[in-house]
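This is model.cif. It holds mmCIF, C-alpha atoms.
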```cif
data_entry
loop_
_atom_site.label_atom_id
_atom_site.label_comp_id
_atom_site.auth_asym_id
_atom_site.auth_seq_id
_atom_site.Cartn_x
_atom_site.Cartn_y
_atom_site.Cartn_z
CA MET Q 1 -20.21 11.60 -23.55
CA PRO Q 2 -18.48 15.00 -23.28
CA GLU Q 3 -15.54 15.76 -25.53
CA ILE Q 4 -12.10 15.02 -24.06
CA LYS Q 5 -10.20 18.31 -23.77
CA ALA Q 6 -7.18 17.19 -21.74
CA TYR Q 7 -5.21 13.94 -21.92
CA ILE Q 8 -3.43 13.39 -18.62
CA PHE Q 9 -0.73 10.71 -18.38
CA ASP Q 10 0.84 9.15 -15.33
CA ALA Q 11 4.64 8.90 -15.73
CA TYR Q 12 6.22 6.02 -13.76
CA GLY Q 13 5.07 2.65 -15.07
CA THR Q 14 2.87 4.28 -17.72
CA LEU Q 15 5.27 6.25 -19.94
CA PHE Q 16 8.47 5.02 -18.31
CA ASP Q 17 9.56 1.53 -17.34
CA VAL Q 18 10.60 1.70 -13.68
CA HIS Q 19 12.28 -1.68 -14.07
CA SER Q 20 14.68 -0.43 -16.75
CA VAL Q 21 17.10 0.18 -13.84
CA MET Q 22 17.42 -3.57 -13.42
CA LYS Q 23 20.67 -3.75 -15.39
CA GLU Q 24 22.36 -1.17 -13.13
CA LEU Q 25 21.02 -2.96 -10.05
CA GLU Q 26 22.30 -6.28 -11.36
CA GLU Q 27 25.77 -4.79 -11.81
CA LEU Q 28 25.80 -3.59 -8.19
CA PHE Q 29 24.03 -6.68 -6.79
CA PRO Q 30 24.67 -9.74 -8.97
CA GLU Q 31 21.67 -12.10 -9.22
CA LYS Q 32 19.62 -9.74 -7.03
CA GLY Q 33 18.76 -7.09 -9.63
CA GLU Q 34 15.25 -8.24 -10.39
CA SER Q 35 14.30 -8.92 -6.79
CA ILE Q 36 15.61 -5.53 -5.63
CA SER Q 37 13.90 -3.73 -8.52
CA GLN Q 38 10.53 -5.34 -7.74
CA THR Q 39 10.76 -4.59 -4.01
CA TRP Q 40 12.02 -1.06 -4.70
CA ARG Q 41 8.91 -0.18 -6.70
CA LYS Q 42 6.56 -2.02 -4.34
CA LYS Q 43 7.90 -0.19 -1.29
CA GLN Q 44 8.07 3.15 -3.09
CA VAL Q 45 4.33 2.98 -3.76
CA GLU Q 46 3.59 1.67 -0.26
CA TYR Q 47 5.55 4.55 1.27
CA PHE Q 48 3.48 7.07 -0.75
CA PHE Q 49 0.30 5.54 0.67
CA LEU Q 50 1.63 5.38 4.22
CA ARG Q 51 3.00 8.91 4.23
CA GLN Q 52 -0.26 10.23 2.82
CA VAL Q 53 -2.31 8.38 5.46
CA MET Q 54 0.02 9.36 8.32
CA GLY Q 55 0.21 12.98 7.15
CA ARG Q 56 4.00 12.80 6.77
CA TYR Q 57 4.70 14.00 3.27
CA LYS Q 58 8.23 13.73 1.89
CA PRO Q 59 9.18 14.41 -1.73
CA PHE Q 60 9.51 11.65 -4.29
CA ASP Q 61 13.32 11.65 -4.31
CA GLN Q 62 13.39 10.99 -0.55
CA VAL Q 63 10.78 8.23 -0.79
CA THR Q 64 12.57 6.70 -3.78
CA ARG Q 65 15.86 6.71 -1.85
CA ASP Q 66 14.24 5.21 1.28
CA SER Q 67 12.49 2.46 -0.65
CA LEU Q 68 15.72 1.58 -2.48
CA VAL Q 69 17.57 1.25 0.85
CA TYR Q 70 14.77 -0.96 2.20
CA ALA Q 71 14.79 -3.16 -0.92
CA VAL Q 72 18.55 -3.62 -0.71
CA LYS Q 73 18.34 -4.58 2.99
CA GLU Q 74 15.46 -6.99 2.40
CA ASN Q 75 17.71 -8.74 -0.10
CA ASP Q 76 20.50 -9.02 2.51
CA GLN Q 77 22.75 -6.57 0.70
CA THR Q 78 24.28 -3.22 1.64
CA ILE Q 79 24.46 0.02 -0.33
CA ASP Q 80 26.62 3.11 0.23
CA GLU Q 81 25.77 6.77 -0.40
CA GLN Q 82 27.57 6.86 -3.72
CA GLN Q 83 25.67 3.81 -4.99
CA VAL Q 84 22.37 5.33 -3.84
CA ALA Q 85 23.21 8.51 -5.75
CA HIS Q 86 24.10 6.44 -8.82
CA MET Q 87 20.77 4.58 -8.71
CA LEU Q 88 18.78 7.80 -8.24
CA GLU Q 89 20.58 9.18 -11.27
CA SER Q 90 19.54 6.05 -13.20
CA TYR Q 91 15.97 6.79 -12.12
CA ARG Q 92 16.27 10.08 -14.03
CA GLN Q 93 17.15 8.08 -17.15
CA LEU Q 94 14.43 5.43 -17.19
CA LYS Q 95 13.51 4.07 -20.61
CA HIS Q 96 10.13 4.96 -22.01
CA TYR Q 97 7.98 2.19 -23.44
CA ASP Q 98 8.34 1.50 -27.16
CA GLU Q 99 4.99 2.81 -28.36
CA VAL Q 100 4.90 6.02 -26.31
CA GLU Q 101 6.61 8.39 -28.74
CA GLU Q 102 4.49 7.37 -31.74
CA VAL Q 103 1.23 7.64 -29.76
CA LEU Q 104 2.16 11.12 -28.54
CA LYS Q 105 3.03 12.20 -32.08
CA GLN Q 106 -0.37 11.11 -33.32
CA LEU Q 107 -2.07 13.13 -30.56
CA GLN Q 108 -0.19 16.39 -31.24
CA GLY Q 109 -2.46 19.47 -31.24
CA LYS Q 110 -4.34 18.20 -28.17
CA GLU Q 111 -3.64 19.18 -24.56
CA LEU Q 112 -1.22 16.46 -23.39
CA ILE Q 113 -0.21 16.62 -19.75
CA VAL Q 114 2.06 14.49 -17.57
CA PHE Q 115 0.88 14.29 -13.97
CA SER Q 116 3.09 12.41 -11.55
CA ASN Q 117 3.96 11.91 -7.90
CA GLY Q 118 7.52 12.56 -9.04
CA SER Q 119 9.09 15.69 -7.62
CA GLU Q 120 10.44 18.24 -10.09
CA ASN Q 121 14.06 17.26 -9.47
CA MET Q 122 13.27 13.70 -10.61
CA LEU Q 123 10.48 14.17 -13.16
CA HIS Q 124 11.85 17.08 -15.18
CA PRO Q 125 15.32 15.59 -15.82
CA LEU Q 126 13.60 12.36 -16.85
CA MET Q 127 11.32 14.18 -19.30
CA GLU Q 128 14.34 15.99 -20.76
CA PHE Q 129 16.51 12.89 -20.99
CA SER Q 130 13.83 10.84 -22.69
CA GLY Q 131 13.30 13.44 -25.42
CA LEU Q 132 9.54 13.27 -24.78
CA LYS Q 133 9.25 16.73 -23.19
CA PRO Q 134 8.47 18.69 -26.41
CA LEU Q 135 5.57 16.32 -27.13
CA PHE Q 136 3.71 17.42 -23.97
CA THR Q 137 1.92 20.67 -23.18
CA GLU Q 138 2.91 20.50 -19.53
CA ALA Q 139 4.42 18.31 -16.79
CA ILE Q 140 2.73 18.67 -13.39
CA SER Q 141 4.19 17.32 -10.16
CA ALA Q 142 1.94 16.41 -7.23
CA ASP Q 143 4.85 17.68 -5.14
CA GLU Q 144 3.72 21.23 -5.92
CA VAL Q 145 0.83 20.66 -3.49
CA LYS Q 146 2.55 18.03 -1.28
CA GLN Q 147 -0.24 15.52 -1.85
CA TYR Q 148 0.39 12.17 -3.48
CA LYS Q 149 -1.96 10.49 -5.87
CA PRO Q 150 -4.43 8.80 -5.25
CA SER Q 151 -5.61 11.50 -2.82
CA PRO Q 152 -8.40 13.66 -4.27
CA ALA Q 153 -6.35 16.76 -3.41
CA ALA Q 154 -3.69 15.67 -5.91
CA TYR Q 155 -6.11 15.14 -8.81
CA VAL Q 156 -7.92 18.42 -8.09
CA TYR Q 157 -4.61 20.23 -8.49
CA ALA Q 158 -3.97 18.66 -11.89
CA LEU Q 159 -7.51 19.52 -12.92
CA GLU Q 160 -7.07 23.17 -11.97
CA LYS Q 161 -3.79 23.34 -13.89
CA ALA Q 162 -5.46 21.76 -16.92
CA GLY Q 163 -8.25 24.34 -16.78
CA VAL Q 164 -11.01 21.99 -17.96
CA LYS Q 165 -13.93 20.20 -16.33
CA ARG Q 166 -13.22 16.86 -14.70
CA GLU Q 167 -15.44 14.96 -17.14
CA GLU Q 168 -13.40 16.45 -19.99
CA VAL Q 169 -10.26 14.66 -18.79
CA LEU Q 170 -9.03 11.30 -20.01
CA PHE Q 171 -6.57 9.99 -17.45
CA MET Q 172 -4.16 7.17 -18.29
CA SER Q 173 -2.12 5.07 -15.92
CA SER Q 174 -0.67 1.57 -15.71
CA ASN Q 175 -1.13 1.60 -11.94
CA GLY Q 176 -4.41 0.13 -10.73
CA TRP Q 177 -4.37 2.34 -7.61
CA ASP Q 178 -3.89 5.47 -9.74
CA ILE Q 179 -6.73 4.53 -12.10
CA SER Q 180 -8.98 3.80 -9.12
CA GLY Q 181 -8.12 7.17 -7.55
CA ALA Q 182 -8.69 9.06 -10.79
CA LYS Q 183 -12.01 7.29 -11.40
CA SER Q 184 -13.07 7.99 -7.81
CA PHE Q 185 -12.27 11.66 -8.43
CA GLY Q 186 -14.35 11.78 -11.60
CA PHE Q 187 -11.94 11.57 -14.53
CA HIS Q 188 -12.54 9.30 -17.49
CA THR Q 189 -9.95 6.59 -17.14
CA ALA Q 190 -8.05 4.27 -19.43
CA TRP Q 191 -6.06 1.63 -17.62
CA ILE Q 192 -2.88 0.71 -19.48
CA ASN Q 193 -2.72 -2.84 -18.19
CA ARG Q 194 0.83 -3.71 -19.25
CA SER Q 195 1.08 -6.72 -16.93
CA GLY Q 196 -2.26 -8.37 -17.69
CA LEU Q 197 -3.55 -8.02 -14.11
CA PRO Q 198 -7.17 -8.26 -12.94
CA VAL Q 199 -9.11 -5.03 -12.43
CA GLU Q 200 -8.82 -3.80 -8.83
CA GLU Q 201 -11.78 -4.92 -6.68
CA LEU Q 202 -12.62 -1.41 -5.51
CA GLN Q 203 -15.94 -0.86 -7.32
CA LEU Q 204 -14.19 1.79 -9.46
CA GLU Q 205 -13.79 0.07 -12.82
CA PRO Q 206 -11.83 1.94 -15.51
CA ASP Q 207 -13.75 3.16 -18.56
CA ALA Q 208 -11.35 1.37 -20.88
CA VAL Q 209 -8.53 -1.13 -20.55
CA TYR Q 210 -5.69 -1.33 -23.07
CA GLN Q 211 -2.58 -3.50 -23.24
CA ASP Q 212 -0.38 -0.54 -24.04
CA LEU Q 213 -0.71 3.16 -24.70
CA SER Q 214 -1.53 2.77 -28.40
CA GLY Q 215 -4.99 1.63 -27.30
CA ILE Q 216 -5.99 5.18 -26.48
CA LEU Q 217 -5.91 6.12 -30.17
CA LYS Q 218 -9.16 4.11 -30.38
CA TRP Q 219 -10.81 6.11 -27.55
CA MET J 1 10.30 6.86 30.69
CA PRO J 2 6.64 7.05 31.84
CA GLU J 3 4.97 3.93 33.16
CA ILE J 4 3.03 1.86 30.62
CA LYS J 5 -0.64 1.89 31.62
CA ALA J 6 -2.20 0.30 28.54
CA TYR J 7 -0.90 -2.54 26.36
CA ILE J 8 -2.52 -2.29 22.94
CA PHE J 9 -2.20 -5.21 20.52
CA ASP J 10 -2.88 -5.35 16.81
CA ALA J 11 -4.84 -8.50 15.88
CA TYR J 12 -4.22 -9.73 12.32
CA GLY J 13 -0.64 -10.88 11.86
CA THR J 14 0.22 -10.05 15.48
CA LEU J 15 -2.04 -12.27 17.59
CA PHE J 16 -3.52 -14.27 14.71
CA ASP J 17 -1.83 -15.91 11.75
CA VAL J 18 -3.66 -14.64 8.65
CA HIS J 19 -2.03 -17.42 6.65
CA SER J 20 -3.63 -20.18 8.74
CA VAL J 21 -6.38 -20.17 6.07
CA MET J 22 -3.90 -21.66 3.61
CA LYS J 23 -5.14 -25.21 4.12
CA GLU J 24 -8.73 -24.24 3.25
CA LEU J 25 -7.48 -22.27 0.24
CA GLU J 26 -5.40 -25.23 -0.89
CA GLU J 27 -8.48 -27.48 -0.75
CA LEU J 28 -10.43 -25.07 -2.95
CA PHE J 29 -7.48 -24.20 -5.23
CA PRO J 30 -4.94 -27.05 -5.34
CA GLU J 31 -1.32 -25.85 -5.56
CA LYS J 32 -2.47 -22.23 -5.41
CA GLY J 33 -3.19 -21.95 -1.68
CA GLU J 34 0.01 -20.21 -0.68
CA SER J 35 0.05 -17.81 -3.61
CA ILE J 36 -3.61 -16.84 -3.07
CA SER J 37 -3.09 -16.43 0.67
CA GLN J 38 -0.09 -14.12 0.17
CA THR J 39 -1.86 -11.99 -2.44
CA TRP J 40 -5.05 -11.92 -0.36
CA ARG J 41 -3.27 -10.34 2.60
CA LYS J 42 -1.16 -8.03 0.42
CA LYS J 43 -4.23 -6.66 -1.37
CA GLN J 44 -6.30 -6.47 1.81
CA VAL J 45 -3.72 -4.10 3.32
CA GLU J 46 -3.33 -2.17 0.06
CA TYR J 47 -7.09 -1.69 -0.14
CA PHE J 48 -7.15 -0.25 3.41
CA PHE J 49 -4.51 2.28 2.38
CA LEU J 50 -6.23 3.15 -0.89
CA ARG J 51 -9.68 3.53 0.61
CA GLN J 52 -8.29 5.70 3.39
CA VAL J 53 -6.45 7.93 0.89
CA MET J 54 -9.40 8.12 -1.52
CA GLY J 55 -11.87 8.75 1.31
CA ARG J 56 -13.90 5.66 0.41
CA TYR J 57 -14.21 3.71 3.63
CA LYS J 58 -15.72 0.22 3.54
CA PRO J 59 -15.75 -2.17 6.49
CA PHE J 60 -13.13 -4.89 6.94
CA ASP J 61 -15.42 -7.73 5.84
CA GLN J 62 -16.07 -6.01 2.48
CA VAL J 63 -12.37 -5.27 1.95
CA THR J 64 -11.44 -8.81 2.96
CA ARG J 65 -13.98 -10.19 0.49
CA ASP J 66 -12.79 -7.90 -2.32
CA SER J 67 -9.13 -8.71 -1.77
CA LEU J 68 -9.89 -12.44 -1.76
CA VAL J 69 -11.70 -12.16 -5.09
CA TYR J 70 -8.77 -10.21 -6.54
CA ALA J 71 -6.24 -12.75 -5.27
CA VAL J 72 -8.21 -15.63 -6.79
CA LYS J 73 -8.44 -13.84 -10.17
CA GLU J 74 -4.74 -12.96 -10.17
CA ASN J 75 -4.08 -16.69 -9.78
CA ASP J 76 -6.29 -17.44 -12.82
CA GLN J 77 -8.95 -19.15 -10.71
CA THR J 78 -12.63 -18.47 -10.09
CA ILE J 79 -14.58 -18.40 -6.84
CA ASP J 80 -18.34 -18.53 -6.23
CA GLU J 81 -20.39 -16.81 -3.52
CA GLN J 82 -20.58 -19.91 -1.36
CA GLN J 83 -16.79 -20.36 -1.46
CA VAL J 84 -16.28 -16.69 -0.58
CA ALA J 85 -18.60 -17.11 2.42
CA HIS J 86 -16.70 -20.25 3.45
CA MET J 87 -13.36 -18.43 3.33
CA LEU J 88 -14.69 -15.42 5.27
CA GLU J 89 -15.92 -17.87 7.89
CA SER J 90 -12.39 -19.36 8.02
CA TYR J 91 -11.13 -15.83 8.62
CA ARG J 92 -13.21 -15.81 11.80
CA GLN J 93 -11.33 -18.92 12.93
CA LEU J 94 -7.71 -17.93 12.33
CA LYS J 95 -5.16 -19.64 14.55
CA HIS J 96 -3.38 -17.52 17.13
CA TYR J 97 0.39 -17.78 17.39
CA ASP J 98 1.78 -20.33 19.83
CA GLU J 99 3.16 -17.97 22.46
CA VAL J 100 0.21 -15.54 22.60
CA GLU J 101 -1.86 -17.20 25.31
CA GLU J 102 1.03 -17.63 27.75
CA VAL J 103 2.20 -14.03 27.28
CA LEU J 104 -1.30 -12.70 27.92
CA LYS J 105 -1.62 -14.85 31.04
CA GLN J 106 1.61 -13.40 32.41
CA LEU J 107 0.30 -9.86 31.82
CA GLN J 108 -3.04 -10.36 33.58
CA GLY J 109 -3.97 -7.49 35.88
CA LYS J 110 -2.79 -4.90 33.34
CA GLU J 111 -4.99 -3.09 30.81
CA LEU J 112 -4.75 -5.32 27.73
CA ILE J 113 -6.54 -4.05 24.62
CA VAL J 114 -6.94 -5.39 21.11
CA PHE J 115 -7.13 -2.65 18.50
CA SER J 116 -7.76 -3.73 14.94
CA ASN J 117 -8.95 -2.58 11.53
CA GLY J 118 -11.25 -5.61 11.74
CA SER J 119 -14.94 -4.79 11.86
CA GLU J 120 -16.94 -6.14 14.80
CA ASN J 121 -18.55 -8.89 12.72
CA MET J 122 -15.09 -10.31 11.94
CA LEU J 123 -13.03 -9.42 15.00
CA HIS J 124 -15.43 -10.41 17.78
CA PRO J 125 -16.23 -13.93 16.49
CA LEU J 126 -12.48 -14.43 16.04
CA MET J 127 -11.76 -13.37 19.63
CA GLU J 128 -14.50 -15.70 20.87
CA PHE J 129 -13.42 -18.67 18.76
CA SER J 130 -9.78 -18.37 19.78
CA GLY J 131 -10.62 -18.42 23.48
CA LEU J 132 -8.42 -15.34 23.97
CA LYS J 133 -11.29 -12.93 24.67
CA PRO J 134 -11.35 -13.34 28.49
CA LEU J 135 -7.64 -12.47 28.61
CA PHE J 136 -8.27 -8.96 27.26
CA THR J 137 -9.84 -5.93 28.92
CA GLU J 138 -11.36 -4.75 25.65
CA ALA J 139 -11.44 -5.24 21.87
CA ILE J 140 -11.67 -2.01 19.86
CA SER J 141 -12.48 -1.88 16.17
CA ALA J 142 -11.31 1.03 14.02
CA ASP J 143 -14.60 0.48 12.20
CA GLU J 144 -16.34 2.28 15.07
CA VAL J 145 -14.90 5.55 13.68
CA LYS J 146 -14.61 4.43 10.02
CA GLN J 147 -10.89 5.22 9.91
CA TYR J 148 -8.30 2.57 9.20
CA LYS J 149 -4.94 2.38 10.88
CA PRO J 150 -2.38 3.89 10.19
CA SER J 151 -4.39 7.14 10.07
CA PRO J 152 -3.91 9.28 13.20
CA ALA J 153 -7.71 9.41 13.58
CA ALA J 154 -7.75 5.66 14.20
CA TYR J 155 -5.08 5.69 16.91
CA VAL J 156 -6.64 8.70 18.63
CA TYR J 157 -9.87 6.72 18.97
CA ALA J 158 -8.10 3.79 20.62
CA LEU J 159 -6.31 6.21 22.94
CA GLU J 160 -9.57 7.82 24.03
CA LYS J 161 -11.11 4.41 24.69
CA ALA J 162 -8.04 3.39 26.72
CA GLY J 163 -8.33 6.55 28.81
CA VAL J 164 -4.59 7.07 29.27
CA LYS J 165 -1.95 9.43 27.86
CA ARG J 166 -0.37 8.49 24.56
CA GLU J 167 3.08 8.09 26.11
CA GLU J 168 1.56 5.60 28.56
CA VAL J 169 0.68 3.20 25.74
CA LEU J 170 2.79 0.33 24.53
CA PHE J 171 1.55 -0.65 21.08
CA MET J 172 2.46 -3.99 19.55
CA SER J 173 2.11 -5.05 15.93
CA SER J 174 3.78 -7.37 13.45
CA ASN J 175 2.94 -4.98 10.63
CA GLY J 176 5.66 -2.46 9.81
CA TRP J 177 3.09 0.05 8.54
CA ASP J 178 1.09 -0.23 11.78
CA ILE J 179 4.16 0.25 13.95
CA SER J 180 5.20 3.26 11.85
CA GLY J 181 1.72 4.78 12.18
CA ALA J 182 1.59 4.18 15.93
CA LYS J 183 5.07 5.63 16.42
CA SER J 184 4.15 8.63 14.28
CA PHE J 185 1.11 9.13 16.51
CA GLY J 186 3.19 9.04 19.69
CA PHE J 187 2.76 5.56 21.18
CA HIS J 188 5.65 3.53 22.47
CA THR J 189 6.03 0.73 19.99
CA ALA J 190 7.27 -2.83 19.99
CA TRP J 191 7.54 -4.37 16.55
CA ILE J 192 6.84 -8.10 16.61
CA ASN J 193 9.03 -8.90 13.62
CA ARG J 194 7.86 -12.45 12.95
CA SER J 195 9.29 -12.56 9.41
CA GLY J 196 12.72 -11.11 10.10
CA LEU J 197 12.19 -8.10 7.84
CA PRO J 198 14.22 -4.85 7.83
CA VAL J 199 12.82 -1.87 9.74
CA GLU J 200 10.68 0.34 7.48
CA GLU J 201 12.68 3.25 6.03
CA LEU J 202 10.23 5.88 7.24
CA GLN J 203 12.34 7.60 9.93
CA LEU J 204 9.94 6.16 12.54
CA GLU J 205 11.94 3.38 14.16
CA PRO J 206 10.15 1.20 16.72
CA ASP J 207 11.28 1.47 20.35
CA ALA J 208 11.84 -2.27 20.53
CA VAL J 209 11.93 -5.18 18.09
CA TYR J 210 11.10 -8.75 19.15
CA GLN J 211 10.91 -11.98 17.19
CA ASP J 212 7.62 -12.92 18.79
CA LEU J 213 5.25 -11.58 21.43
CA SER J 214 7.10 -13.13 24.37
CA GLY J 215 9.71 -10.40 23.89
CA ILE J 216 7.41 -7.82 25.45
CA LEU J 217 7.74 -9.51 28.84
CA LYS J 218 11.24 -7.99 28.86
CA TRP J 219 9.93 -4.43 28.20
#
```

Please express what this file holds, its structure, as structure tokens.
Amino acid sequence: MPEIKAYIFDAYGTLFDVHSVMKELEELFPEKGESISQTWRKKQVEYFFLRQVMGRYKPFDQVTRDSLVYAVKENDQTIDEQQVAHMLESYRQLKHYDEVEEVLKQLQGKELIVFSNGSENMLHPLMEFSGLKPLFTEAISADEVKQYKPSPAAYVYALEKAGVKREEVLFMSSNGWDISGAKSFGFHTAWINRSGLPVEELQLEPDAVYQDLSGILKW
Amino acid sequence: MPEIKAYIFDAYGTLFDVHSVMKELEELFPEKGESISQTWRKKQVEYFFLRQVMGRYKPFDQVTRDSLVYAVKENDQTIDEQQVAHMLESYRQLKHYDEVEEVLKQLQGKELIVFSNGSENMLHPLMEFSGLKPLFTEAISADEVKQYKPSPAAYVYALEKAGVKREEVLFMSSNGWDISGAKSFGFHTAWINRSGLPVEELQLEPDAVYQDLSGILKW
């Protein structure tokens, strides 16, 4: 097996807990926080897929706003512009998972890259806020080429930025669709299966499956 | 507004109730039928999106099989080949919604087309079994061009088969993603909102929203 020369990490769900906004949602929508948070993420991902298939790209902040509005409506609630802005700001302050910082510290000296569907105006503030930014070589947004993961065009962009061969990449994500897309593209993949879900039935099995990010230290 | 010259209907969820397999699922997996049925459909649609984005087309019967296996595993159950075959056979015998036959009878004389992601080996037996086939002019499968809805390439194929202009089509679907894709492509759209969901937040509102298919008689 070729040596891994670049470690590429998905951001949302992998480094950062998208459901850490639940407390803010619960304050705005009592007893609906969890339901809205789950639908918000579900629709956010669905809207990436749909926009990619329809050829109607919009940046992550727009899709995140739209999916929040949908989730609120599906839960029979209403949200005003100020509350939307507040929740998008919370999305720039998501909590990172407990083990992330220690794992990144142990991997220092290697090429460590974040590669996300997040647009710069969402991803970069989040990286800054979390304090994780100095631990990475680079943060790449798929928005730079207006192609969402899991389209091959998105992964090829990250690969070019990394400047290595595709079989020299280890790609990590908690999202089954992202791992499937990366495997389809030709990266080595480690699925960070935080929720204990079955492997996607897409004939694109990940090379390794770990419960959290500390598993990759055994790669 | 131009005259409607072709009425194009989605099949699964629109004419046919995909959850009418719940009884068979419940017999195989007691107390898990509803959960498996919901996940089955959710993953089936997700796998269409993912395969379209990744450029890894597989026909509807394969995707339907894969998503069933996933749904069973997510519910901590197991399924053997014979049971999979039994459930796929049930999928060729889905029940149509109550009002469908009467609405189609009232529209006789017009160009009435079914257009589905279903491959021929799933869609045609279903049309036969339901008795609805004689009420339609034609049943078109997106499988003929290996492009799933909501990709523009799928809708353009249906349009060419219909032999009309895109603004002369009224497209009907219960699936928000399908209505968004058809609207994006340029069809007139009537969303058959059977579940009382909010309109998708994709800036592609349907031209009309009805609770069931009988609404289109008012178009």

Next on the checklist: Env of J:Asn193: 9 Å cut, atoms = only C-alpha atoms, seq-sep filter 6 positions within chain, self excluded. Answer as a list in words.
Outcome noted: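 Residues near the query, excluding close chain neighbours: Ser173, Ser174, Asn175, Gly176, Val199, Val209, Tyr210, Gln211 and Asp212 of chain J.
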
Checklist entry - If you measure from atom CA of Q:Phe29 to atom CA of Q:Lys73, what distance in Å do you get, rounded to one decimal? => result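 The value is 11.5 Å.
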
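Among the candidates J:Ser67, J:Gln77, J:Ser141, J:Thr14, the one nearest to J:Glu46 when counting all atoms listed in the file is J:Ser67.
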
Next on the checklist: Under the PyMOL selection byres ((chain J) within 10 of (chain Q)), which residues of this model are included? Write them out as a PyMOL selection string.
Outcome noted: chain J and resi 43+45-56+58+62-63+65-76+148-153+177-178+180-182+184-185+196-203

Next on the checklist: Please compute the atom CA of J:Leu159-atom CA of J:Ala6 distance, one decimal, in Å.
Outcome noted: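 Going from atom CA of J:Leu159 over to atom CA of J:Ala6, I get 9.1 Å.
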
Next on the checklist: With all atoms listed in the file as the counted atoms, please give the residues lying no more than 7 Å from stretch 168-170 of chain Q, apart from itself and same-chain residues fewer than 6 positions off, as a PyMOL selection string.
Outcome noted: chain Q and resi 2-8+187-189

Next on the checklist: Going by the chain IDs and residue numbers used in this file, which residues fall under the PyMOL selection byres ((chain J and resi 138) around 8)? Write them as an MDAnalysis selection string.
Outcome noted: chainID J and resid 112:114 136:137 139:140

Checklist entry - Which value, in Å to one decimal, gives the distance between atom CA of J:Lys183 and atom CA of J:Val156? => result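 Atom CA of J:Lys183 sits 12.3 Å away from atom CA of J:Val156.
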
Checklist entry - Hey, what comes out of the PyMOL selection byres ((chain Q and resi 19) around 10) on this file? Could you write it as a list of chain:residue names? => result Q:Tyr12, Q:Gly13, Q:Phe16, Q:Asp17, Q:Val18, Q:Ser20, Q:Val21, Q:Met22, Q:Lys23, Q:Leu25, Q:Gly33, Q:Glu34, Q:Ile36, Q:Ser37, Q:Gln38, Q:Trp40, Q:Arg41, Q:Tyr91, Q:Leu94, Q:Lys95

Checklist entry - Which neighbours of stretch 117-133 of chain Q fall inside 6 Å, counting only C-alpha atoms, when residues of the same chain fewer than 5 positions from it are skipped, and could you give them as a ChimeraX atom specification? => result /Q:60,92-93,141-143,148

Can those selected residues be exported to a file as an mmCIF file, in the frame of the given file so that it contains C-alpha atoms?
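After the write, out_3.cif holds the following:
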```
data_model
loop_
_atom_site.group_PDB
_atom_site.id
_atom_site.type_symbol
_atom_site.label_atom_id
_atom_site.label_comp_id
_atom_site.auth_asym_id
_atom_site.auth_seq_id
_atom_site.Cartn_x
_atom_site.Cartn_y
_atom_site.Cartn_z
ATOM 1 C CA PHE Q 60 9.510 11.650 -4.290
ATOM 2 C CA ARG Q 92 16.270 10.080 -14.030
ATOM 3 C CA GLN Q 93 17.150 8.080 -17.150
ATOM 4 C CA SER Q 141 4.190 17.320 -10.160
ATOM 5 C CA ALA Q 142 1.940 16.410 -7.230
ATOM 6 C CA ASP Q 143 4.850 17.680 -5.140
ATOM 7 C CA TYR Q 148 0.390 12.170 -3.480
#
```
